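Trainee: As input, take target.pdb (PDB, C-alpha atoms, pLDDT in the B column):
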ATOM      1  CA  MET K   1      23.035 -43.278 -26.146  1.00 51.00           C
ATOM      2  CA  ALA K   2      22.231 -44.088 -22.520  1.00 52.00           C
ATOM      3  CA  LEU K   3      24.746 -46.945 -22.563  1.00 49.00           C
ATOM      4  CA  ARG K   4      27.428 -44.582 -23.862  1.00 52.00           C
ATOM      5  CA  GLU K   5      26.695 -42.038 -21.071  1.00 54.00           C
ATOM      6  CA  LEU K   6      26.639 -44.833 -18.509  1.00 53.00           C
ATOM      7  CA  SER K   7      29.973 -46.152 -19.644  1.00 65.00           C
ATOM      8  CA  ARG K   8      31.365 -42.585 -19.544  1.00 63.00           C
ATOM      9  CA  GLY K   9      30.157 -42.230 -15.946  1.00 62.00           C
ATOM     10  CA  VAL K  10      31.715 -45.570 -15.060  1.00 62.00           C
ATOM     11  CA  ARG K  11      34.990 -44.519 -16.676  1.00 64.00           C
ATOM     12  CA  LEU K  12      35.056 -41.275 -14.666  1.00 63.00           C
ATOM     13  CA  LEU K  13      34.387 -43.178 -11.453  1.00 59.00           C
ATOM     14  CA  MET K  14      37.139 -45.644 -12.256  1.00 61.00           C
ATOM     15  CA  GLY K  15      39.543 -42.779 -12.955  1.00 63.00           C
ATOM     16  CA  GLN K  16      38.812 -41.308  -9.519  1.00 62.00           C
ATOM     17  CA  ILE K  17      39.359 -44.670  -7.854  1.00 61.00           C
ATOM     18  CA  GLN K  18      42.667 -45.134  -9.662  1.00 62.00           C
ATOM     19  CA  ARG K  19      43.839 -41.664  -8.585  1.00 61.00           C
ATOM     20  CA  CYS K  20      42.961 -42.446  -5.002  1.00 57.00           C
ATOM     21  CA  GLY K  21      44.459 -45.958  -5.201  1.00 56.00           C
ATOM     22  CA  SER K  22      47.304 -45.175  -2.870  1.00 50.00           C
ATOM     23  CA  VAL K  23      44.830 -43.823  -0.306  1.00 50.00           C
ATOM     24  CA  VAL K  24      42.675 -46.996  -0.341  1.00 48.00           C
ATOM     25  CA  ALA K  25      44.945 -48.721   2.102  1.00 50.00           C
ATOM     26  CA  SER K  26      44.516 -45.959   4.685  1.00 51.00           C
ATOM     27  CA  ASN K  27      40.611 -45.985   4.703  1.00 51.00           C
ATOM     28  CA  HIS K  28      40.244 -42.491   3.178  1.00 52.00           C
ATOM     29  CA  THR K  29      38.442 -43.760   0.068  1.00 51.00           C
ATOM     30  CA  ALA K  30      35.085 -42.107   0.795  1.00 52.00           C
ATOM     31  CA  ARG K  31      36.727 -38.775   1.495  1.00 53.00           C
ATOM     32  CA  CYS K  32      38.764 -38.938  -1.693  1.00 52.00           C
ATOM     33  CA  LEU K  33      35.686 -39.670  -3.799  1.00 53.00           C
ATOM     34  CA  SER K  34      33.502 -36.985  -2.209  1.00 58.00           C
ATOM     35  CA  GLN K  35      35.876 -34.021  -2.432  1.00 62.00           C
ATOM     36  CA  ALA K  36      34.727 -31.202  -4.660  1.00 64.00           C
ATOM     37  CA  ALA K  37      36.972 -29.692  -7.259  1.00 67.00           C
ATOM     38  CA  ALA K  38      39.001 -26.758  -6.010  1.00 71.00           C
ATOM     39  CA  ARG K  39      37.626 -23.386  -7.128  1.00 72.00           C
ATOM     40  CA  PRO K  40      40.024 -20.668  -8.132  1.00 70.00           C
ATOM     41  CA  GLU K  41      40.038 -17.652  -5.852  1.00 69.00           C
ATOM     42  CA  PRO K  42      38.264 -14.686  -7.470  1.00 63.00           C
ATOM     43  CA  THR K  43      40.348 -11.656  -8.122  1.00 65.00           C
ATOM     44  CA  PRO K  44      39.266  -8.329  -6.621  1.00 62.00           C
ATOM     45  CA  ASP K  45      38.521  -7.009 -10.107  1.00 66.00           C
ATOM     46  CA  GLU K  46      35.882  -9.701 -10.677  1.00 61.00           C
ATOM     47  CA  ASN K  47      34.079  -8.859  -7.421  1.00 58.00           C
ATOM     48  CA  GLU K  48      33.875  -5.157  -8.228  1.00 66.00           C
ATOM     49  CA  ALA K  49      32.829  -5.522 -11.847  1.00 65.00           C
ATOM     50  CA  VAL K  50      29.418  -4.071 -12.725  1.00 63.00           C
ATOM     51  CA  SER K  51      27.332  -5.581 -15.449  1.00 65.00           C
ATOM     52  CA  PRO K  52      26.959  -3.219 -18.421  1.00 69.00           C
ATOM     53  CA  THR K  53      23.386  -4.446 -18.952  1.00 72.00           C
ATOM     54  CA  PHE K  54      21.938  -3.379 -15.601  1.00 63.00           C
ATOM     55  CA  VAL K  55      18.139  -3.228 -15.457  1.00 68.00           C
ATOM     56  CA  ASN K  56      16.449  -1.258 -12.686  1.00 62.00           C
ATOM     57  CA  ARG K  57      13.585  -3.438 -11.438  1.00 66.00           C
ATOM     58  CA  ASN K  58      12.155  -0.706  -9.204  1.00 65.00           C
ATOM     59  CA  PRO K  59      11.403   2.381 -11.302  1.00 63.00           C
ATOM     60  CA  ARG K  60      10.297   4.378  -8.226  1.00 66.00           C
ATOM     61  CA  ASN K  61      13.754   3.938  -6.712  1.00 66.00           C
ATOM     62  CA  LEU K  62      15.128   6.829  -8.767  1.00 65.00           C
ATOM     63  CA  GLU K  63      12.184   9.005  -7.714  1.00 68.00           C
ATOM     64  CA  GLN K  64      12.835   8.351  -4.042  1.00 66.00           C
ATOM     65  CA  MET K  65      16.493   9.259  -4.467  1.00 66.00           C
ATOM     66  CA  ALA K  66      15.485  12.403  -6.457  1.00 66.00           C
ATOM     67  CA  LEU K  67      17.496  11.249  -9.481  1.00 65.00           C
ATOM     68  CA  ALA K  68      14.642  10.570 -11.909  1.00 67.00           C
ATOM     69  CA  VAL K  69      14.010  13.109 -14.643  1.00 66.00           C
ATOM     70  CA  LYS K  70      11.076  15.461 -14.040  1.00 69.00           C
ATOM     71  CA  ASP K  71       9.241  16.557 -17.153  1.00 66.00           C
ATOM     72  CA  ARG K  72       9.529  20.336 -17.272  1.00 65.00           C
ATOM     73  CA  GLY K  73       6.760  21.245 -19.695  1.00 66.00           C
ATOM     74  CA  TRP K  74       6.263  24.849 -20.780  1.00 65.00           C
ATOM     75  CA  LYS K  75       6.917  27.650 -18.314  1.00 68.00           C
ATOM     76  CA  THR K  76       3.602  29.282 -19.165  1.00 71.00           C
ATOM     77  CA  THR K  77       1.458  26.267 -18.276  1.00 64.00           C
ATOM     78  CA  TRP K  78      -0.333  26.133 -14.965  1.00 62.00           C
ATOM     79  CA  PRO K  79      -0.198  23.931 -12.938  1.00 61.00           C
ATOM     80  CA  HIS K  80       3.425  23.228 -13.719  1.00 64.00           C
ATOM     81  CA  GLN K  81       4.502  19.818 -14.978  1.00 67.00           C
ATOM     82  CA  GLN K  82       7.668  19.360 -12.932  1.00 74.00           C
ATOM     83  CA  PHE K  83       6.658  16.682 -10.400  1.00 77.00           C
ATOM     84  CA  TYR K  84       6.712  12.952  -9.706  1.00 78.00           C
ATOM     85  CA  HIS K  85       3.298  12.959  -8.009  1.00 85.00           C
ATOM     86  CA  ARG K  86       0.824  15.825  -7.856  1.00 90.00           C
ATOM     87  CA  LEU K  87      -2.113  16.215  -5.481  1.00 92.00           C
ATOM     88  CA  MET K  88      -5.266  17.844  -6.853  1.00 92.00           C
ATOM     89  CA  PHE K  89      -7.956  18.899  -4.400  1.00 93.00           C
ATOM     90  CA  SER K  90     -11.345  20.135  -5.566  1.00 92.00           C
ATOM     91  CA  ARG K  91     -14.587  21.119  -3.917  1.00 91.00           C
ATOM     92  CA  SER K  92     -17.860  21.272  -5.736  1.00 91.00           C
ATOM     93  CA  GLN K  93     -21.283  22.320  -4.526  1.00 92.00           C
ATOM     94  CA  HIS K  94     -22.028  18.832  -3.244  1.00 93.00           C
ATOM     95  CA  HIS K  95     -18.775  16.861  -2.909  1.00 94.00           C
ATOM     96  CA  VAL K  96     -15.071  17.012  -2.053  1.00 95.00           C
ATOM     97  CA  THR K  97     -12.551  15.134  -4.221  1.00 95.00           C
ATOM     98  CA  ALA K  98      -8.794  14.615  -3.921  1.00 95.00           C
ATOM     99  CA  GLU K  99      -6.672  12.812  -6.524  1.00 95.00           C
ATOM    100  CA  VAL K 100      -2.989  11.930  -6.854  1.00 93.00           C
ATOM    101  CA  PHE K 101      -1.578  12.029 -10.379  1.00 91.00           C
ATOM    102  CA  SER K 102       1.695  10.578 -11.631  1.00 85.00           C
ATOM    103  CA  CYS K 103       3.827  12.558 -14.059  1.00 80.00           C
ATOM    104  CA  THR K 104       3.466   9.833 -16.679  1.00 79.00           C
ATOM    105  CA  SER K 105      -0.289   9.302 -16.593  1.00 80.00           C
ATOM    106  CA  PRO K 106      -3.345  11.535 -17.011  1.00 85.00           C
ATOM    107  CA  VAL K 107      -5.375   8.999 -15.008  1.00 91.00           C
ATOM    108  CA  PRO K 108      -5.250   9.399 -11.199  1.00 93.00           C
ATOM    109  CA  VAL K 109      -3.067   6.907  -9.338  1.00 91.00           C
ATOM    110  CA  LEU K 110      -5.049   7.320  -6.092  1.00 93.00           C
ATOM    111  CA  SER K 111      -8.264   9.124  -5.333  1.00 94.00           C
ATOM    112  CA  CYS K 112     -10.694   9.742  -2.520  1.00 95.00           C
ATOM    113  CA  SER K 113     -14.037  11.475  -2.588  1.00 95.00           C
ATOM    114  CA  THR K 114     -17.131  12.019  -0.491  1.00 95.00           C
ATOM    115  CA  LYS K 115     -18.972  10.234  -3.333  1.00 94.00           C
ATOM    116  CA  GLU K 116     -17.599   6.947  -1.933  1.00 94.00           C
ATOM    117  CA  TRP K 117     -20.136   5.283   0.310  1.00 94.00           C
ATOM    118  CA  ALA K 118     -17.605   4.359   3.024  1.00 91.00           C
ATOM    119  CA  VAL K 119     -16.676   8.029   3.474  1.00 92.00           C
ATOM    120  CA  LYS K 120     -20.148   9.427   2.862  1.00 92.00           C
ATOM    121  CA  LYS K 121     -21.895   7.361   5.532  1.00 92.00           C
ATOM    122  CA  GLU K 122     -19.605   8.747   8.278  1.00 91.00           C
ATOM    123  CA  LEU K 123     -20.290  12.405   7.463  1.00 92.00           C
ATOM    124  CA  ALA K 124     -23.242  14.670   8.184  1.00 91.00           C
ATOM    125  CA  SER K 125     -22.482  16.829   5.127  1.00 92.00           C
ATOM    126  CA  THR K 126     -20.370  15.975   2.084  1.00 90.00           C
ATOM    127  CA  ASN K 127     -18.978  19.463   1.419  1.00 89.00           C
ATOM    128  CA  CYS K 128     -18.116  20.908   4.847  1.00 93.00           C
ATOM    129  CA  VAL K 129     -14.746  21.368   6.580  1.00 94.00           C
ATOM    130  CA  ALA K 130     -15.127  18.019   8.388  1.00 94.00           C
ATOM    131  CA  ALA K 131     -15.609  16.317   4.999  1.00 95.00           C
ATOM    132  CA  CYS K 132     -12.360  17.875   3.719  1.00 95.00           C
ATOM    133  CA  GLN K 133     -10.521  16.640   6.795  1.00 95.00           C
ATOM    134  CA  ALA K 134     -11.969  13.121   6.425  1.00 95.00           C
ATOM    135  CA  VAL K 135     -10.978  12.971   2.746  1.00 96.00           C
ATOM    136  CA  GLY K 136      -7.453  14.100   3.702  1.00 95.00           C
ATOM    137  CA  GLU K 137      -7.137  11.383   6.367  1.00 95.00           C
ATOM    138  CA  VAL K 138      -8.379   8.613   4.061  1.00 95.00           C
ATOM    139  CA  LEU K 139      -6.195   9.728   1.149  1.00 95.00           C
ATOM    140  CA  ALA K 140      -3.112   9.967   3.392  1.00 95.00           C
ATOM    141  CA  HIS K 141      -3.719   6.402   4.560  1.00 95.00           C
ATOM    142  CA  ARG K 142      -4.076   5.183   0.954  1.00 94.00           C
ATOM    143  CA  CYS K 143      -0.902   7.022  -0.055  1.00 92.00           C
ATOM    144  CA  ARG K 144       1.079   5.379   2.731  1.00 91.00           C
ATOM    145  CA  GLN K 145      -0.254   1.967   1.686  1.00 91.00           C
ATOM    146  CA  ALA K 146       0.809   2.633  -1.913  1.00 88.00           C
ATOM    147  CA  GLY K 147       4.265   3.836  -0.819  1.00 87.00           C
ATOM    148  CA  ILE K 148       3.807   7.442  -1.927  1.00 88.00           C
ATOM    149  CA  THR K 149       5.094   9.663   0.859  1.00 89.00           C
ATOM    150  CA  ARG K 150       5.971  12.863  -1.032  1.00 88.00           C
ATOM    151  CA  MET K 151       3.953  14.807  -3.554  1.00 89.00           C
ATOM    152  CA  VAL K 152       3.497  18.319  -4.865  1.00 88.00           C
ATOM    153  CA  TYR K 153       0.425  20.253  -3.736  1.00 87.00           C
ATOM    154  CA  ARG K 154      -0.135  23.780  -4.943  1.00 79.00           C
ATOM    155  CA  ALA K 155      -3.542  25.172  -4.117  1.00 70.00           C
ATOM    156  CA  ILE K 156      -5.136  27.851  -6.215  1.00 70.00           C
ATOM    157  CA  PRO K 157      -3.992  31.070  -4.526  1.00 68.00           C
ATOM    158  CA  TRP K 158      -7.446  32.537  -3.818  1.00 65.00           C
ATOM    159  CA  THR K 159      -8.708  29.295  -2.191  1.00 68.00           C
ATOM    160  CA  TYR K 160      -5.572  28.544  -0.182  1.00 71.00           C
ATOM    161  CA  ARG K 161      -6.635  30.383   2.989  1.00 77.00           C
ATOM    162  CA  SER K 162     -10.043  28.764   3.314  1.00 85.00           C
ATOM    163  CA  ASN K 163     -10.664  26.626   6.397  1.00 91.00           C
ATOM    164  CA  ALA K 164     -11.541  23.598   4.272  1.00 91.00           C
ATOM    165  CA  VAL K 165      -8.228  23.636   2.372  1.00 92.00           C
ATOM    166  CA  GLN K 166      -6.284  24.186   5.594  1.00 92.00           C
ATOM    167  CA  ALA K 167      -8.078  21.234   7.249  1.00 94.00           C
ATOM    168  CA  PHE K 168      -7.319  19.041   4.218  1.00 94.00           C
ATOM    169  CA  ARG K 169      -3.611  19.986   4.255  1.00 93.00           C
ATOM    170  CA  ALA K 170      -3.363  19.412   8.013  1.00 94.00           C
ATOM    171  CA  ALA K 171      -4.980  15.970   7.696  1.00 95.00           C
ATOM    172  CA  MET K 172      -2.569  14.985   4.908  1.00 94.00           C
ATOM    173  CA  LYS K 173       0.438  16.134   6.949  1.00 94.00           C
ATOM    174  CA  GLN K 174      -0.758  14.347  10.090  1.00 95.00           C
ATOM    175  CA  GLY K 175      -1.252  11.227   7.987  1.00 94.00           C
ATOM    176  CA  GLY K 176       2.476  11.150   7.193  1.00 93.00           C
ATOM    177  CA  VAL K 177       2.493  12.638   3.682  1.00 93.00           C
ATOM    178  CA  ILE K 178       4.967  15.412   2.898  1.00 91.00           C
ATOM    179  CA  LEU K 179       3.400  17.968   0.560  1.00 90.00           C
ATOM    180  CA  SER K 180       6.603  18.907  -1.256  1.00 86.00           C
ATOM    181  CA  GLU K 181       9.078  16.938  -3.301  1.00 82.00           C
ATOM    182  CA  PRO K 182      12.864  17.023  -3.012  1.00 78.00           C
ATOM    183  CA  ARG K 183      14.749  19.062  -5.577  1.00 77.00           C
ATOM    184  CA  ARG K 184      16.117  16.982  -8.392  1.00 70.00           C
ATOM    185  CA  LYS K 185      19.800  16.085  -8.007  1.00 70.00           C
ATOM    186  CA  TYR K 186      21.970  16.513 -11.053  1.00 70.00           C
ATOM    187  CA  ILE K 187      24.941  14.178 -11.283  1.00 69.00           C
ATOM    188  CA  GLY K 188      27.715  15.084 -13.670  1.00 64.00           C
ATOM    189  CA  THR K 189      28.994  12.392 -15.970  1.00 54.00           C
TER     190      THR K 189
END
So that I can check it, write out the structure of this file as structure tokens.
Mentor:
Amino acid sequence: MALRELSRGVRLLMGQIQRCGSVVASNHTARCLSQAAARPEPTPDENEAVSPTFVNRNPRNLEQMALAVKDRGWKTTWPHQQFYHRLMFSRSQHHVTAEVFSCTSPVPVLSCSTKEWAVKKELASTNCVAACQAVGEVLAHRCRQAGITRMVYRAIPWTYRSNAVQAFRAAMKQGGVILSEPRRKYIGT
């Protein structure tokens, strides 16, 4: 088998030498043997063709362009289900917690709480206005690291005007997170 392939290679080499036989006299042998085969010029239609089996490797790309489908849910449910990422902020008697949920998962994508030792050791109290601001700053930093820059945040109406919620919102906004999502774009087909 190897001898057959070797003899085939030798035959191809000999064919190239015979084709370049007239050039041997003019010392262009090496150039004749090293030239690559000419490629046909591509037509404009081939360059603009799109593969019918396109696979999006970045699923968040459609979210960032506001083209991904938002799950609507029922109109009577609260909080509504039409979001890519939702921010939930809660205060208990002892702690402050903020979580970011994805529309596809009931488990939080990101979270921050005064229960974490790194946050807790910097605070005098774990449920005051300063604690809410610290949680907002840390969560905004984690969101930027994860690439989440826009999310929906709808506070419960009767807690919205409290100083703690306002400090949390201000810290998130100063951290570079936009607390609203773009409207979904509908493209006609």
Trainee: Choose the residue, out of K:Gln166, K:Ser180, K:Thr114, K:Thr104, that has the smallest atom-to-atom separation from K:Tyr153; count only C-alpha atoms.
Mentor: K:Ser180
Trainee: Separation of atom CA of K:Lys185 and atom CA of K:Cys143, in Å?
Mentor: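 Here the two named atoms are 24.0 Å from each other.
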Trainee: For atom CA of K:Ser162 and atom CA of K:Val96, quote the distance in Å rounded to one decimal.
Mentor: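 So the answer is 13.9 Å.
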Trainee: Excluding K:Arg91 and its own-chain neighbours fewer than 2 positions away, which residues fall within 10 Å of it when counting all atoms listed in the file? Please give them as a ChimeraX atom specification.
Mentor: /K:89,93-98,113,126-128,132,164-165
Trainee: Taking all atoms listed in the file into account, name the residue in K:Phe83, K:Phe168, K:Leu123, K:Ala118 that is nearest to K:Ser105.
Mentor: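 That would be K:Phe83, the residue with the smallest distance to K:Ser105.
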Trainee: For a test of reading the model, state the distance in Å between atom CA of K:Ala134 and atom CA of K:Pro106, rounded to one decimal.
Mentor: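 One can read the atom CA of K:Ala134 to atom CA of K:Pro106 distance as 25.0 Å.
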Trainee: Contacts of K:Val177 at 8 Å or less, counting all atoms listed in the file, minus same-chain residues fewer than 6 places along, as a PDB file with C-alpha atoms, keeping the file's coordinate frame?
Mentor:
ATOM      1  CA  ALA K 140      -3.112   9.967   3.392  1.00 95.00           C
ATOM      2  CA  CYS K 143      -0.902   7.022  -0.055  1.00 92.00           C
ATOM      3  CA  ARG K 144       1.079   5.379   2.731  1.00 91.00           C
ATOM      4  CA  ILE K 148       3.807   7.442  -1.927  1.00 88.00           C
ATOM      5  CA  THR K 149       5.094   9.663   0.859  1.00 89.00           C
ATOM      6  CA  ARG K 150       5.971  12.863  -1.032  1.00 88.00           C
ATOM      7  CA  MET K 151       3.953  14.807  -3.554  1.00 89.00           C
TER       8      MET K 151
END
